[in-house]
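Some notes on the structure that comes next.
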Number of protein chains: 2
Amino acid sequence: MTATPDARPRGTRLPRMARRRQLLGAAQEVFVAQGYHAAAMDEIAERAGVSKPVLYQHFPGKLELYLALLDEHAEALVTTVRDALASTTDNKMRVQASMQAFYDFVAGDGEAYRLVFESDLRNVAQVRARVERANHKCAEMIAKVIQEDTRASVDEAYLLGIGLVGMAEVSARYWLSQQKAIPKETAENVIARLAWRGISGFPRPTDPA
Amino acid sequence: MTATPDARPRGTRLPRMARRRQLLGAAQEVFVAQGYHAAAMDEIAERAGVSKPVLYQHFPGKLELYLALLDEHAEALVTTVRDALASTTDNKMRVQASMQAFYDFVAGDGEAYRLVFESDLRNVAQVRARVERANHKCAEMIAKVIQEDTRASVDEAYLLGIGLVGMAEVSARYWLSQQKAIPKETAENVIARLAWRGISGFPRPTDPA
DNA sequence: CAGCAAGGTTACCGGCGCGTAGGATGATGG
DNA sequence: CCATCATCCTACGCGCCGGTAACCTTGCTG
């Protein structure tokens with residue numbers, strides 16, 4: 001739905017980089033819609049209005065093609081969360097912004113979030129590593145803020161970070177699957193409130209021992 | 001690790017139901033370790049010390065075999081959470097018990113939780129439906145308790161339920177992947193506290209309007 | 001206008017893995 | 001001791017799909 005309509009003029013010749021981008025677009029559509037295993041290289045090529053060998057002139061194999069997309073969107077998630085945390089110094093607002101980051105990520109760009117959150121290839125080490133690294137970075141950034149604001153230990157803060165990431169991810173995916181039922185902002189607010197009250201329940205550095 | 005050691009006496013004849021159970025055990029080991037796609041029916045049969053046609057005398061196909069296991073463990077999760085919620089009427093304790101339920105589920109029975117939380121077959125409608133139904137039931141049970149205790153609307157309460165389920169699931173999976181770093185009880189307590197303070201931030205029926 | 005490089009095509013190969021046909025083998029009852 | 005049934009095995013068919021070999025075409029260049 002995102003990149004290119006459908007009827008592709010099977011005759012156009014493209015410079016290398018333009019073709020590469022277009023192939024990535026077609027691949028994303030197919031991988032998102034079908035998952036890695038059900039996606040056929042033939043279909044991706046056809047979707048791009050091109051024959052299969054062209055695909056292999058740009059990517060050494062199916063896995064590498066997939067990894068290129070995964071890297072792109074995993075990085076996008078991390079960046080979005082990073083920006084959210086940097087957008088203010090008020091921690092309550094930070095929580096709000098972070099939750100919105102996850103909801104934005106899930107709502108954006110042709111459901112590409114599926115590559116990161118619903119990959120059917122997590123049994124492959126290279127994929128698993130990337131997904132976990134993205135989660136890890138998000139959790140760590142959040143944990144850092146928590147540590148600045150509470151007396152939580154490093155381990156505790158990180159665990160809380162992971163918990164919040166999970167909460168955001170799962171609730172955002174649910175919200176998307178029910179798009180009509182709840183307005184985006186409402187859902188973000190409810191979850192942000194849950195998160196904020198949850199965190200602020202932990203003792204703060206200024207509290208008496 | 002769960003069902004049968006390894007060296008299986010390739011000659012033993014078994015009555016039908018015993019064989020079926022054993023096949024399910026072998027299948028679980030392989031599906032859990034490799035995921036659906038990488039798991040070969042040949043390997044499952046071999047693991048059970050039996051030849052492939054035997055497998056097909058008990059299950060019509062690979063998918064049905066997988067679904068049988070998935071049903072079993074999805075149901076187990078729901079039951080565990082249900083029991084946790086029924087184990088007390090004190091809501092703070094309920095939160096604690098629910099979180100423990102997820103950690104228990106993840107820690108139990110040969111990592112079978114992977115079938116429910118990390119299936120690489122969610123693109124298949126039958127699998128997706130089962131996973132979502134388990135999540136839905138958990139979230140709904142939790143939402144019900146929340147509704148009894150706060151003024152949250154039905155939608156809000158369910159969204160909170162989903163968020164808490166996500167928090168529990170993701171944090172429990174993380175905890176398991178780091179088994180040594182944090183004692184189980186500590187992790188449960190940290191997450192339970194996060195959840196409890198989060199929920200109790202919502203207005204209660206006894207609060208002034 | 002020859003020729004060459006860049007971009008694209010058709011047609012094929014080979015392996016893997018699900019599922020099955022057909023036969024052997026051990027227990028059970030007459 | 002023979003028949004019969006359930007259980008299990010060896011061996012194979014066959015479709016799907018990732019990947020490749022060999023050839024074509026377009027347009028720029030000297």
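Lettering and numbering for the structure tokens are positional, with chains as A, B, ... in the shown order, residues counted from 1 in each chain, and ligands counted from 1 in the shown order.
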
Selection: 12 Å around DC23 in chain D, only C-alpha atoms (C1' of nucleotides), excl. self and same-chain fewer than 6 positions, as a list in words: DG8, DT9, DT10 and DA11 of chain C

Exercise answer, chain A residues close to chain C, 9 Å and only C-alpha atoms (C1' of nucleotides), as a list of chain:residue names: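 Selected residues: A:Arg13, A:Leu14, A:Pro15, A:Arg16, A:Val50, A:Ser51, A:Pro53, A:Val54.
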
For DG18 in chain D: contacts at 9 Å, only C-alpha atoms (C1' of nucleotides), fewer than 6 positions along chain excluded, given as an MDAnalysis selection string: chainID A and resid 40:41 61:62

Backbone DSSP call of alpha helix (DSSP H) for range 101-200 of chain B, listed as a ChimeraX atom specification: /B:101-107,113-117,125-149,154-177,184-200

Could I get the residues of chain A with an atom no further than 10 Å from an atom of chain B, each paired with its nearest atom pair and that distance in Å to one decimal, using only C-alpha atoms, sorted by chain and residue number, as CSV?
residue,atom,partner,partner_atom,distance
A:Val32,CA,B:Asn123,CA,9.9
A:Ala33,CA,B:Asn123,CA,8.6
A:Gln34,CA,B:Asn123,CA,6.6
A:Gly35,CA,B:Asn123,CA,6.6
A:Tyr36,CA,B:Asp120,CA,9.5
A:His37,CA,B:His37,CA,7.9
A:Ala38,CA,B:Asn123,CA,8.5
A:Glu118,CA,B:Arg122,CA,8.0
A:Ser119,CA,B:Asp120,CA,7.3
A:Asp120,CA,B:Asp120,CA,4.2
A:Leu121,CA,B:Asp120,CA,6.5
A:Arg122,CA,B:Asp120,CA,7.4
A:Asn123,CA,B:Gly35,CA,6.6
A:Val124,CA,B:Gln34,CA,9.2
A:Glu132,CA,B:Tyr174,CA,9.8
A:His136,CA,B:Tyr174,CA,9.9
A:Ala152,CA,B:Val190,CA,9.8
A:Asp155,CA,B:Ile182,CA,7.7
A:Glu156,CA,B:Val190,CA,7.0
A:Ala157,CA,B:Val190,CA,9.3
A:Tyr158,CA,B:Ser171,CA,9.9
A:Leu159,CA,B:Ser171,CA,6.7
A:Leu160,CA,B:Ile191,CA,6.8
A:Gly161,CA,B:Ser171,CA,8.9
A:Ile162,CA,B:Ser171,CA,5.7
A:Gly163,CA,B:Met167,CA,4.5
A:Leu164,CA,B:Met167,CA,6.2
A:Val165,CA,B:Met167,CA,7.4
A:Gly166,CA,B:Met167,CA,4.7
A:Met167,CA,B:Met167,CA,4.4
A:Ala168,CA,B:Gly163,CA,6.8
A:Glu169,CA,B:Gly166,CA,7.4
A:Val170,CA,B:Gly166,CA,5.1
A:Ser171,CA,B:Gly163,CA,5.0
A:Ala172,CA,B:Gly163,CA,8.6
A:Arg173,CA,B:Ile162,CA,9.8
A:Tyr174,CA,B:Ile162,CA,7.5
A:Trp175,CA,B:Leu159,CA,8.0
A:Ala181,CA,B:Asp155,CA,8.1
A:Ile182,CA,B:Asp155,CA,7.6
A:Thr186,CA,B:Glu156,CA,8.9
A:Ala187,CA,B:Leu159,CA,7.5
A:Val190,CA,B:Glu156,CA,7.0
A:Ile191,CA,B:Leu160,CA,6.8
A:Ala192,CA,B:Gly198,CA,9.5
A:Arg193,CA,B:Gly198,CA,7.3
A:Leu194,CA,B:Gly198,CA,4.4
A:Ala195,CA,B:Gly198,CA,5.9
A:Trp196,CA,B:Gly198,CA,6.9
A:Arg197,CA,B:Gly198,CA,4.5
A:Gly198,CA,B:Gly198,CA,3.6
A:Ile199,CA,B:Leu194,CA,6.0
A:Ser200,CA,B:Arg197,CA,7.9
A:Gly201,CA,B:Arg197,CA,5.6
A:Phe202,CA,B:Leu194,CA,8.0

Atom pair CA of Gly25 in chain B / CA of Glu75 in chain B: separation (Å):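 Computing the Euclidean distance for CA of Gly25 in chain B and CA of Glu75 in chain B yields 16.8 Å.
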
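As for CA of Leu55 in chain B and C1' of DC12 in chain D, they are spaced 17.4 Å apart.
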
Residues of chain D within 10 Å of chain B: nearest atom pair and distance (Å, one decimal) for each, counting only C-alpha atoms (C1' of nucleotides), sorted by chain and number, as CSV?
residue,atom,partner,partner_atom,distance
D:DA6,C1',B:Pro15,CA,9.5
D:DT7,C1',B:Arg13,CA,7.2
D:DC8,C1',B:Val54,CA,6.9
D:DC9,C1',B:Ser51,CA,6.8
D:DT10,C1',B:Ser51,CA,9.5

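For the atom pair formed by CA of His73 in chain A and CA of Leu176 in chain A, the distance is 17.5 Å, given to one decimal.
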
Near-Glu72 in chain A list (12 Å; only C-alpha atoms (C1' of nucleotides); drop same-chain fewer than 5 positions) as a ChimeraX atom specification: /A:24-25,28,65-67,77-79,109,112-113,115-116,130-131,134
